[in-house]
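Colleague: Here you go, one structure.
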Amino acid sequence: MTVTAIIGGTGLTRLEGIEITGSERIATPFGEPSSELLQGRLHGGEVIFLARHGNPHRTPPHRINYRANIWALRAAGATEVIAVAAVGGITDAMSPGRVVIPDQLVDYTHSRAGTFFEDDLAEVVHIDFTEPYTADLRQRLLAAADRAKVAAVDGGTYGTTQGPRLETAAEIRRMERDGCDLVGMTGMPEAALARELSLPYACCAVVANWGAGKSEGEITMAEIELHLGRGMTDVAQLLRAFLKG
Ligand code: HPA
């Protein structure tokens, strides 16, 4: 049976319409996840929802226990993970309000517990991460976007920064030279941890603002909230089509 875990980021702390059949606080060998796991049915699909920043939304990106989150989702029976994330846009196609299904990432984070393969190993493990997002899950998300008539962008490189501050204009210029199209703070180590547990994982990113220096003036929370609201309506439609199958 397919059980789709949905990790909700900023702008998605609740799943509208979920019929909740259970909620669990799962203790893991790595500590507590960000919030309880909500199990239920949504649009005919079995889902588990986890609010990445907690509910209420108060765990900043660098303090999230990514290992506990991914471990708990698998322990609860998730067979795949859709990571919803608010991001900034860097390249032209990534305009605010857009939904993007990235296909690559660059990791600029530091000091985050980023692997399950650390202690008590029989041997050293190096996972393949050439394609950080699961190709088949990405294609299913893109097909769902089509059915839902959501103009999602197919592909893009998600650069994950440490946060919680936003970037400088020079940092965004450097990220663009590095090939990044999007900037966010939660893409890693989440994606790598899912791969370590062989959990199919893809990201559904919503562009909340232009990255620093890509528009006039400062980035405001009001701007972020405005575009996130619009983008999350599209994400809800996309998820509906995805879960209906
Ligand atoms: N930078 C990093 N993370 C973000 C941004 C941004 O501009 N917008 C939303 N999440």
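Labeling convention for the structure tokens: chains A, B, ... as they appear, residues from 1 per chain, ligands from 1 in order of appearance.
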What are the closest atom pairs, with distances in Å to one decimal, for all residues of range 160-200 of chain A lying within 12 Å of range 33-52 of chain A? Consider only C-alpha atoms, order rows by chain and residue number, and present the result as a Markdown table.
Modeller:
| residue | atom | partner | partner_atom | distance |
| --- | --- | --- | --- | --- |
| A:Met185 | CA | A:Arg52 | CA | 11.6 |
| A:Thr186 | CA | A:Arg52 | CA | 8.8 |
| A:Gly187 | CA | A:Arg52 | CA | 11.2 |
| A:Glu190 | CA | A:Arg52 | CA | 10.2 |
Colleague: Can you list, as a compact mmCIF listing (two decimals) with all heavy atoms, in the first residue's frame, every residue of range 1-181 of chain A that DSSP puts in alpha helix (DSSP H)?
Modeller:
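Below is the file selection_1.txt, written as the result:
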# COMPACT_ATOMS: atom_id res chain seq x y z
N TYR A 66 15.97 16.96 11.52
CA TYR A 66 15.66 16.30 10.24
C TYR A 66 15.74 14.78 10.37
O TYR A 66 14.98 14.06 9.76
CB TYR A 66 16.61 16.80 9.14
CG TYR A 66 16.44 18.27 8.81
CD1 TYR A 66 17.23 19.24 9.41
CD2 TYR A 66 15.48 18.68 7.90
CE1 TYR A 66 17.07 20.58 9.12
CE2 TYR A 66 15.31 20.03 7.59
CZ TYR A 66 16.11 20.97 8.21
OH TYR A 66 15.94 22.30 7.92
N ARG A 67 16.70 14.32 11.16
CA ARG A 67 16.83 12.86 11.31
C ARG A 67 15.60 12.28 11.99
O ARG A 67 15.07 11.26 11.54
CB ARG A 67 18.09 12.52 12.11
CG ARG A 67 19.36 12.82 11.35
CD ARG A 67 20.56 12.13 11.94
NE ARG A 67 20.85 12.58 13.30
CZ ARG A 67 21.93 12.22 13.97
NH1 ARG A 67 22.81 11.42 13.41
NH2 ARG A 67 22.14 12.67 15.18
N ALA A 68 15.14 12.92 13.06
CA ALA A 68 13.95 12.41 13.75
C ALA A 68 12.74 12.46 12.81
O ALA A 68 11.92 11.54 12.79
CB ALA A 68 13.69 13.21 15.02
N ASN A 69 12.63 13.52 12.03
CA ASN A 69 11.47 13.65 11.14
C ASN A 69 11.42 12.51 10.12
O ASN A 69 10.40 11.86 9.94
CB ASN A 69 11.52 14.98 10.40
CG ASN A 69 11.14 16.15 11.29
OD1 ASN A 69 10.73 15.95 12.43
ND2 ASN A 69 11.27 17.36 10.78
N ILE A 70 12.53 12.27 9.45
CA ILE A 70 12.53 11.25 8.39
C ILE A 70 12.42 9.86 9.00
O ILE A 70 11.68 9.01 8.50
CB ILE A 70 13.81 11.39 7.52
CG1 ILE A 70 13.79 12.73 6.76
CG2 ILE A 70 13.97 10.22 6.55
CD1 ILE A 70 12.68 12.88 5.72
N TRP A 71 13.09 9.65 10.11
CA TRP A 71 13.02 8.34 10.78
C TRP A 71 11.58 8.04 11.20
O TRP A 71 11.05 6.94 10.99
CB TRP A 71 13.95 8.33 12.00
CG TRP A 71 14.12 6.99 12.62
CD1 TRP A 71 13.33 6.42 13.57
CD2 TRP A 71 15.14 6.03 12.32
NE1 TRP A 71 13.79 5.17 13.89
CE2 TRP A 71 14.91 4.90 13.13
CE3 TRP A 71 16.24 6.02 11.45
CZ2 TRP A 71 15.72 3.77 13.10
CZ3 TRP A 71 17.04 4.90 11.42
CH2 TRP A 71 16.78 3.79 12.24
N ALA A 72 10.93 9.06 11.81
CA ALA A 72 9.56 8.87 12.30
C ALA A 72 8.60 8.60 11.14
O ALA A 72 7.71 7.75 11.27
CB ALA A 72 9.11 10.11 13.08
N LEU A 73 8.78 9.28 10.03
CA LEU A 73 7.87 9.05 8.89
C LEU A 73 7.99 7.62 8.41
O LEU A 73 6.99 6.96 8.14
CB LEU A 73 8.18 10.04 7.76
CG LEU A 73 7.77 11.49 8.04
CD1 LEU A 73 8.25 12.41 6.92
CD2 LEU A 73 6.25 11.61 8.21
N ARG A 74 9.22 7.13 8.32
CA ARG A 74 9.36 5.75 7.87
C ARG A 74 8.80 4.78 8.92
O ARG A 74 8.10 3.82 8.58
CB ARG A 74 10.80 5.39 7.55
CG ARG A 74 10.79 4.10 6.73
CD ARG A 74 12.11 3.46 6.56
NE ARG A 74 12.81 3.21 7.81
CZ ARG A 74 13.89 2.48 7.89
NH1 ARG A 74 14.41 1.95 6.79
NH2 ARG A 74 14.50 2.29 9.03
N ALA A 75 9.07 5.06 10.19
CA ALA A 75 8.57 4.18 11.26
C ALA A 75 7.04 4.14 11.24
O ALA A 75 6.43 3.12 11.56
CB ALA A 75 9.07 4.67 12.61
N ALA A 135 13.23 10.18 -9.39
CA ALA A 135 12.74 10.56 -10.72
C ALA A 135 11.26 10.22 -10.91
O ALA A 135 10.47 11.05 -11.39
CB ALA A 135 13.58 9.86 -11.79
N ASP A 136 10.88 9.03 -10.50
CA ASP A 136 9.50 8.58 -10.73
C ASP A 136 8.51 9.43 -9.92
O ASP A 136 7.45 9.82 -10.42
CB ASP A 136 9.42 7.10 -10.34
CG ASP A 136 7.99 6.64 -10.26
OD1 ASP A 136 7.35 6.64 -11.31
OD2 ASP A 136 7.51 6.31 -9.15
N LEU A 137 8.87 9.78 -8.71
CA LEU A 137 7.98 10.60 -7.87
C LEU A 137 7.86 12.01 -8.46
O LEU A 137 6.78 12.60 -8.49
CB LEU A 137 8.51 10.62 -6.44
CG LEU A 137 7.64 11.28 -5.37
CD1 LEU A 137 6.23 10.69 -5.35
CD2 LEU A 137 8.28 11.11 -3.99
N ARG A 138 8.98 12.54 -8.95
CA ARG A 138 8.94 13.85 -9.62
C ARG A 138 7.98 13.81 -10.80
O ARG A 138 7.16 14.72 -11.00
CB ARG A 138 10.33 14.25 -10.16
CG ARG A 138 11.33 14.69 -9.13
CD ARG A 138 12.56 15.31 -9.81
NE ARG A 138 12.22 16.54 -10.49
CZ ARG A 138 12.08 16.70 -11.80
NH1 ARG A 138 12.31 15.72 -12.63
NH2 ARG A 138 11.73 17.86 -12.30
N GLN A 139 8.06 12.75 -11.61
CA GLN A 139 7.20 12.65 -12.80
C GLN A 139 5.74 12.56 -12.39
O GLN A 139 4.88 13.15 -13.03
CB GLN A 139 7.60 11.43 -13.66
CG GLN A 139 8.94 11.60 -14.37
CD GLN A 139 9.08 12.95 -15.08
OE1 GLN A 139 8.15 13.47 -15.68
NE2 GLN A 139 10.28 13.53 -14.99
N ARG A 140 5.46 11.83 -11.32
CA ARG A 140 4.06 11.73 -10.85
C ARG A 140 3.56 13.09 -10.35
O ARG A 140 2.40 13.44 -10.53
CB ARG A 140 3.94 10.65 -9.78
CG ARG A 140 3.99 9.25 -10.40
CD ARG A 140 4.23 8.18 -9.35
NE ARG A 140 3.27 8.22 -8.28
CZ ARG A 140 3.56 7.98 -6.98
NH1 ARG A 140 4.79 7.67 -6.62
NH2 ARG A 140 2.64 8.04 -6.08
N LEU A 141 4.44 13.86 -9.73
CA LEU A 141 4.04 15.20 -9.28
C LEU A 141 3.76 16.11 -10.48
O LEU A 141 2.80 16.87 -10.50
CB LEU A 141 5.13 15.83 -8.41
CG LEU A 141 5.21 15.31 -6.97
CD1 LEU A 141 6.45 15.86 -6.28
CD2 LEU A 141 3.96 15.69 -6.18
N LEU A 142 4.62 16.00 -11.51
CA LEU A 142 4.44 16.84 -12.70
C LEU A 142 3.16 16.44 -13.45
O LEU A 142 2.43 17.31 -13.94
CB LEU A 142 5.67 16.72 -13.61
CG LEU A 142 6.92 17.43 -13.06
CD1 LEU A 142 8.18 16.95 -13.77
CD2 LEU A 142 6.78 18.95 -13.17
N ALA A 143 2.89 15.15 -13.49
CA ALA A 143 1.66 14.68 -14.16
C ALA A 143 0.44 15.17 -13.39
O ALA A 143 -0.57 15.59 -13.98
CB ALA A 143 1.67 13.16 -14.26
N ALA A 144 0.53 15.15 -12.07
CA ALA A 144 -0.59 15.65 -11.24
C ALA A 144 -0.78 17.14 -11.48
O ALA A 144 -1.91 17.63 -11.56
CB ALA A 144 -0.31 15.36 -9.77
N ALA A 145 0.32 17.88 -11.59
CA ALA A 145 0.23 19.32 -11.85
C ALA A 145 -0.50 19.56 -13.17
O ALA A 145 -1.38 20.43 -13.26
CB ALA A 145 1.64 19.94 -11.89
N ASP A 146 -0.18 18.76 -14.17
CA ASP A 146 -0.85 18.86 -15.48
C ASP A 146 -2.35 18.64 -15.35
O ASP A 146 -3.15 19.42 -15.85
CB ASP A 146 -0.32 17.75 -16.41
CG ASP A 146 0.67 18.29 -17.40
OD1 ASP A 146 1.05 19.47 -17.27
OD2 ASP A 146 1.08 17.51 -18.30
N ARG A 147 -2.70 17.56 -14.66
CA ARG A 147 -4.13 17.25 -14.49
C ARG A 147 -4.84 18.37 -13.71
O ARG A 147 -5.99 18.67 -13.97
CB ARG A 147 -4.31 15.92 -13.72
CG ARG A 147 -3.85 14.69 -14.48
CD ARG A 147 -4.43 13.41 -13.88
NE ARG A 147 -3.99 13.14 -12.52
CZ ARG A 147 -2.83 12.58 -12.18
NH1 ARG A 147 -1.96 12.23 -13.12
NH2 ARG A 147 -2.52 12.36 -10.92
N ALA A 169 22.84 39.96 -1.23
CA ALA A 169 22.74 39.99 -2.70
C ALA A 169 23.94 39.27 -3.33
O ALA A 169 23.80 38.56 -4.33
CB ALA A 169 22.66 41.44 -3.18
N ALA A 170 25.13 39.42 -2.72
CA ALA A 170 26.32 38.76 -3.26
C ALA A 170 26.21 37.24 -3.13
O ALA A 170 26.66 36.50 -4.01
CB ALA A 170 27.58 39.26 -2.55
N GLU A 171 25.63 36.79 -2.04
CA GLU A 171 25.45 35.33 -1.88
C GLU A 171 24.50 34.79 -2.95
O GLU A 171 24.74 33.71 -3.51
CB GLU A 171 24.91 35.02 -0.47
CG GLU A 171 25.98 35.14 0.61
CD GLU A 171 25.44 35.10 2.03
OE1 GLU A 171 24.25 35.40 2.25
OE2 GLU A 171 26.23 34.79 2.94
N ILE A 172 23.47 35.55 -3.25
CA ILE A 172 22.53 35.10 -4.29
C ILE A 172 23.24 35.11 -5.66
O ILE A 172 23.08 34.18 -6.46
CB ILE A 172 21.24 35.96 -4.29
CG1 ILE A 172 20.43 35.70 -3.01
CG2 ILE A 172 20.40 35.70 -5.55
CD1 ILE A 172 19.82 34.31 -2.88
N ARG A 173 24.05 36.13 -5.91
CA ARG A 173 24.80 36.15 -7.19
C ARG A 173 25.75 34.95 -7.28
O ARG A 173 25.88 34.31 -8.31
CB ARG A 173 25.60 37.46 -7.33
CG ARG A 173 24.74 38.68 -7.64
CD ARG A 173 25.58 39.86 -8.16
NE ARG A 173 26.58 40.32 -7.22
CZ ARG A 173 26.37 41.27 -6.29
NH1 ARG A 173 25.19 41.85 -6.19
NH2 ARG A 173 27.34 41.64 -5.49
N ARG A 174 26.37 34.64 -6.16
CA ARG A 174 27.27 33.46 -6.16
C ARG A 174 26.47 32.18 -6.41
O ARG A 174 26.88 31.31 -7.19
CB ARG A 174 28.02 33.33 -4.84
CG ARG A 174 28.92 32.10 -4.84
CD ARG A 174 29.65 31.87 -3.53
NE ARG A 174 28.75 31.36 -2.53
CZ ARG A 174 29.13 30.60 -1.50
NH1 ARG A 174 30.39 30.27 -1.34
NH2 ARG A 174 28.26 30.19 -0.61
N MET A 175 25.32 32.09 -5.78
CA MET A 175 24.50 30.88 -5.97
C MET A 175 24.07 30.76 -7.42
O MET A 175 24.03 29.66 -7.97
CB MET A 175 23.27 30.92 -5.04
CG MET A 175 23.64 30.76 -3.57
SD MET A 175 22.21 30.86 -2.47
CE MET A 175 21.51 29.23 -2.73
N GLU A 176 23.78 31.90 -8.05
CA GLU A 176 23.38 31.86 -9.47
C GLU A 176 24.56 31.36 -10.31
O GLU A 176 24.38 30.52 -11.20
CB GLU A 176 22.91 33.24 -9.93
CG GLU A 176 22.34 33.22 -11.33
CD GLU A 176 21.54 34.45 -11.69
OE1 GLU A 176 21.62 35.47 -10.95
OE2 GLU A 176 20.83 34.40 -12.72
N ARG A 177 25.77 31.83 -10.01
CA ARG A 177 26.94 31.35 -10.74
C ARG A 177 27.15 29.85 -10.50
O ARG A 177 27.64 29.13 -11.38
CB ARG A 177 28.20 32.11 -10.32
CG ARG A 177 28.25 33.56 -10.78
CD ARG A 177 29.64 34.17 -10.62
NE ARG A 177 30.13 34.22 -9.26
CZ ARG A 177 29.84 35.17 -8.37
NH1 ARG A 177 29.04 36.18 -8.71
NH2 ARG A 177 30.34 35.14 -7.15
Colleague: What do you get as a count of residues only if you pick all residues at most 10 Å from ligand 1, counting only C-alpha atoms and all ligand atoms?
Modeller: 43
Colleague: As an exercise, work out the distance from CA of Ala194 in chain A to CA of Val81 in chain A in Å and give it to one decimal place.
Modeller: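 Computing the Euclidean distance for CA of Ala194 in chain A and CA of Val81 in chain A yields 8.0 Å.
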Colleague: Rank A:Gln104, A:Ser95, A:Ser111, A:Thr2 by their smallest atom-to-atom distance to Thr157 in chain A, using only C-alpha atoms, and report the top residue only.
Modeller: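 Closest residue, counting only C-alpha atoms: A:Gln104.
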Colleague: Which is closest to Leu193 in chain A among A:Gly11, A:Pro29, A:Gly54, A:Pro132, if we use only C-alpha atoms?
Modeller: A:Pro132
Colleague: List every residue of range 12-198 of chain A that DSSP, applied to the backbone of this structure, places in strand (DSSP E), and write the result as a ChimeraX atom specification.
Modeller: /A:19-24,37-42,45-51,80-89,99-101,104-107,153-154,157-160,182-184
